[in-house]
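Visitor: Handing you a structure now.
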Amino acid sequence: MDQLETLKYGQGNSGLNVYIEGEVAFVGNPFTLEGPDGSHLIDWGTSDLNARMEQYIQDRPGGTALHTFFWHSRTGKWFYIGAHIWTPVGLTWEVWRTLSERSQEFVANRLRMRGGEVETEAQIIAQLDSNRLEQIVIELSSVGQRETSEAFLREYGLSPRRRHPRLS
C-alpha cells in the first residue's frame with residue numbers, strides 16, 4: 001500500500017497524519033482549528049513523533065510553502081487547499097480537555113482507526129487523558145501565496161473554481 005493509501009485508510013502510525021514529498025503535503029482526515037487568526041492542523045501523537053515532525057517542518061527552507069492537499073473520508077476525495085507556510089506552534093491550552101464527550105469519542109475513534117495498533121477507544125482516551133499522546137499544532141498560512149497556488153494549479157492542469165460574476 002503506498003503512502004497516500006495509508007493516509008486515506010488510516011493504517012499508519014499515530015501522530016500527524018501527513019506525507020510530505022518535496023513541496024507537496026498530503027494530510028489524511030485532518031483535524032483542523034479555524035479562527036480569526038488563521039487555520040491550524042491539530043493532532044495527537046507521542047512526544048517523539050511530534051518532535052520529529054516539528055523538526056522536519058522547521059528544517060525546511062524559511063518561507064517555503066507546501067502545496068497542501070486534504071483527504072476527507074466522507075467525500076472520498078483529495079482537495080487542494082492551496083500553498084501554505086507550515087509553522088509548528090504551541091497552544092497554551094489543551095484542545096482535548098475542552099472537547100465534549102461526544103467529540104472526544106470521535107477523536108479517539110479516528111486515532112484508533114489509523115493508529116496501526118489494535119487499541120480500544122477507551123485505551124486511546126486514557127492515553128490522551130494522561131498526556132501519553134500529546135497534541136501537535138501546525139499553523140497554516142496562505143498569506144502571500146495566491147500566485148504560487150494558482151501557478152501550481154495551472155502547471156498540473158487543475159483549475160481553480162470559477163468565481164461567480166457577482167462575487168468578483
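Labels used: A, B, ... for chains in the order of the C-alpha cells, numbers from 1 for residues in each chain, and numbers from 1 for ligands as shown.
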Write out as a PyMOL selection string all residues of chain A that backbone DSSP assigns to strand (DSSP E or B).
Guide: chain A and resi 18-21+24-28+31-35+38-45+66-72+77-89+134-141
Visitor: Take the residues from that selection and put them in a file with N, CA and C atoms, as a compact mmCIF listing (two decimals), in the first residue's frame.
Guide:
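Printed below is part-v1.txt as written:
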```txt
# COMPACT_ATOMS: atom_id res chain seq x y z
N VAL A 18 0.26 12.80 7.97
CA VAL A 18 0.74 13.59 6.84
C VAL A 18 1.85 12.85 6.09
N TYR A 19 1.90 13.11 4.79
CA TYR A 19 3.01 12.63 3.95
C TYR A 19 3.48 13.83 3.14
N ILE A 20 4.78 14.14 3.23
CA ILE A 20 5.35 15.28 2.52
C ILE A 20 6.37 14.76 1.53
N GLU A 21 6.22 15.17 0.29
CA GLU A 21 7.16 14.83 -0.78
C GLU A 21 7.52 16.12 -1.49
N VAL A 24 5.06 19.27 -1.68
CA VAL A 24 3.65 18.88 -1.65
C VAL A 24 3.39 18.09 -0.38
N ALA A 25 2.31 18.45 0.32
CA ALA A 25 1.93 17.76 1.56
C ALA A 25 0.52 17.20 1.41
N PHE A 26 0.36 15.97 1.85
CA PHE A 26 -0.93 15.30 1.84
C PHE A 26 -1.30 15.00 3.28
N VAL A 27 -2.50 15.43 3.69
CA VAL A 27 -2.95 15.22 5.07
C VAL A 27 -4.25 14.43 5.02
N GLY A 28 -4.25 13.26 5.65
CA GLY A 28 -5.42 12.41 5.65
C GLY A 28 -6.34 12.70 6.83
N PHE A 31 -7.65 16.98 11.48
CA PHE A 31 -8.37 17.75 12.50
C PHE A 31 -7.90 19.18 12.29
N THR A 32 -8.82 20.10 12.14
CA THR A 32 -8.43 21.49 11.91
C THR A 32 -9.09 22.41 12.92
N LEU A 33 -8.41 23.49 13.21
CA LEU A 33 -8.95 24.56 14.04
C LEU A 33 -8.96 25.80 13.16
N GLU A 34 -10.11 26.41 13.02
CA GLU A 34 -10.23 27.63 12.24
C GLU A 34 -10.58 28.76 13.20
N GLY A 35 -9.91 29.87 13.03
CA GLY A 35 -10.18 31.01 13.89
C GLY A 35 -9.86 32.30 13.18
N GLY A 38 -6.27 32.54 11.89
CA GLY A 38 -5.72 31.61 10.92
C GLY A 38 -6.25 30.21 11.06
N SER A 39 -5.63 29.32 10.30
CA SER A 39 -6.00 27.91 10.28
C SER A 39 -4.88 27.09 10.90
N HIS A 40 -5.27 26.02 11.56
CA HIS A 40 -4.29 25.16 12.22
C HIS A 40 -4.65 23.70 12.03
N LEU A 41 -3.63 22.88 11.79
CA LEU A 41 -3.77 21.44 11.87
C LEU A 41 -3.52 21.07 13.32
N ILE A 42 -4.31 20.18 13.84
CA ILE A 42 -4.07 19.70 15.20
C ILE A 42 -4.17 18.19 15.18
N ASP A 43 -3.33 17.55 15.97
CA ASP A 43 -3.36 16.10 16.06
C ASP A 43 -2.71 15.69 17.37
N TRP A 44 -2.68 14.39 17.61
CA TRP A 44 -2.09 13.87 18.84
C TRP A 44 -1.19 12.70 18.49
N GLY A 45 -0.03 12.67 19.11
CA GLY A 45 0.92 11.59 18.90
C GLY A 45 1.89 11.53 20.07
N LEU A 66 4.20 24.80 1.27
CA LEU A 66 3.85 23.43 0.91
C LEU A 66 2.49 23.46 0.21
N HIS A 67 2.43 22.88 -0.98
CA HIS A 67 1.14 22.73 -1.67
C HIS A 67 0.40 21.64 -0.91
N THR A 68 -0.71 22.02 -0.29
CA THR A 68 -1.36 21.17 0.70
C THR A 68 -2.66 20.58 0.19
N PHE A 69 -2.77 19.27 0.32
CA PHE A 69 -3.98 18.54 -0.04
C PHE A 69 -4.56 17.89 1.22
N PHE A 70 -5.88 17.92 1.35
CA PHE A 70 -6.58 17.24 2.44
C PHE A 70 -7.42 16.11 1.84
N TRP A 71 -7.42 14.97 2.52
CA TRP A 71 -8.31 13.85 2.19
C TRP A 71 -9.41 13.82 3.22
N HIS A 72 -10.67 13.76 2.75
CA HIS A 72 -11.81 13.63 3.65
C HIS A 72 -12.53 12.34 3.31
N LYS A 77 -12.37 12.04 -1.50
CA LYS A 77 -11.58 12.80 -2.47
C LYS A 77 -10.48 13.59 -1.77
N TRP A 78 -9.42 13.85 -2.55
CA TRP A 78 -8.37 14.77 -2.13
C TRP A 78 -8.77 16.17 -2.58
N PHE A 79 -8.55 17.16 -1.72
CA PHE A 79 -8.83 18.56 -2.04
C PHE A 79 -7.56 19.37 -1.91
N TYR A 80 -7.28 20.16 -2.92
CA TYR A 80 -6.14 21.09 -2.86
C TYR A 80 -6.61 22.32 -2.11
N ILE A 81 -5.99 22.62 -0.99
CA ILE A 81 -6.39 23.80 -0.22
C ILE A 81 -5.45 24.97 -0.46
N GLY A 82 -4.40 24.76 -1.25
CA GLY A 82 -3.51 25.86 -1.62
C GLY A 82 -2.12 25.71 -1.05
N ALA A 83 -1.28 26.68 -1.42
CA ALA A 83 0.08 26.75 -0.90
C ALA A 83 0.03 27.41 0.46
N HIS A 84 0.65 26.78 1.44
CA HIS A 84 0.65 27.30 2.81
C HIS A 84 2.04 27.20 3.41
N ILE A 85 2.38 28.18 4.22
CA ILE A 85 3.57 28.10 5.06
C ILE A 85 3.15 27.33 6.31
N TRP A 86 3.87 26.28 6.63
CA TRP A 86 3.58 25.47 7.82
C TRP A 86 4.52 25.90 8.94
N THR A 87 3.94 26.19 10.10
CA THR A 87 4.74 26.59 11.25
C THR A 87 4.25 25.88 12.50
N PRO A 88 5.09 25.07 13.15
CA PRO A 88 4.68 24.46 14.42
C PRO A 88 4.47 25.55 15.47
N VAL A 89 3.39 25.45 16.19
CA VAL A 89 3.10 26.42 17.24
C VAL A 89 2.67 25.67 18.50
N GLU A 134 0.33 13.43 23.01
CA GLU A 134 0.37 14.88 23.18
C GLU A 134 -0.09 15.56 21.90
N GLN A 135 -0.65 16.75 22.07
CA GLN A 135 -1.11 17.46 20.89
C GLN A 135 0.05 18.12 20.15
N ILE A 136 -0.12 18.17 18.83
CA ILE A 136 0.79 18.91 17.97
C ILE A 136 -0.09 19.86 17.16
N VAL A 137 0.37 21.09 17.02
CA VAL A 137 -0.40 22.10 16.29
C VAL A 137 0.51 22.75 15.25
N ILE A 138 0.02 22.78 14.02
CA ILE A 138 0.75 23.39 12.92
C ILE A 138 -0.10 24.50 12.34
N GLU A 139 0.43 25.72 12.35
CA GLU A 139 -0.27 26.85 11.73
C GLU A 139 -0.09 26.76 10.22
N LEU A 140 -1.18 26.97 9.50
CA LEU A 140 -1.15 27.01 8.04
C LEU A 140 -1.45 28.43 7.60
N SER A 141 -0.50 29.07 6.95
CA SER A 141 -0.69 30.44 6.50
C SER A 141 -0.58 30.52 4.98
```
Visitor: Could you please determine the separation between CA of Arg102 in chain A and CA of Arg132 in chain A in Å, to one decimal place?
Guide: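 Rounded to one decimal, the two atoms are 20.7 Å apart.
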Visitor: Hey, what's within 12 Å of Ala126 in chain A if we count only C-alpha atoms and toss same-chain stuff fewer than 5 positions away? As a list in words, please?
Guide: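 The filter keeps Trp96, Gln104, Glu105, Ala108, Glu119, Thr120, Glu121, Asn131, Arg132, Leu133 and Glu134 of chain A.
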Visitor: Emit the selected residues as a compact mmCIF listing (two decimals), in the first residue's frame, including C-alpha atoms.
Guide:
```txt
# COMPACT_ATOMS: atom_id res chain seq x y z
CA TRP A 96 -8.53 17.62 24.16
CA GLN A 104 -13.60 13.13 22.42
CA GLU A 105 -15.09 9.80 21.34
CA ALA A 108 -10.35 8.76 19.88
CA GLU A 119 -6.23 -0.50 20.74
CA THR A 120 -9.67 0.23 22.05
CA GLU A 121 -11.24 3.64 22.05
CA ASN A 131 -0.83 13.05 28.05
CA ARG A 132 0.88 9.91 26.73
CA LEU A 133 -0.45 11.18 23.41
CA GLU A 134 0.37 14.88 23.18
```
Visitor: How many Å separate CA of Gly15 in chain A from CA of Leu91 in chain A?
Guide: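 Atom-to-atom, CA of Gly15 in chain A and CA of Leu91 in chain A are spaced 16.6 Å apart.
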Visitor: Could you tell me how far CA of Ser73 in chain A lies from CA of Asn29 in chain A, in Å and to one decimal?
Guide: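 So the answer is 6.5 Å.
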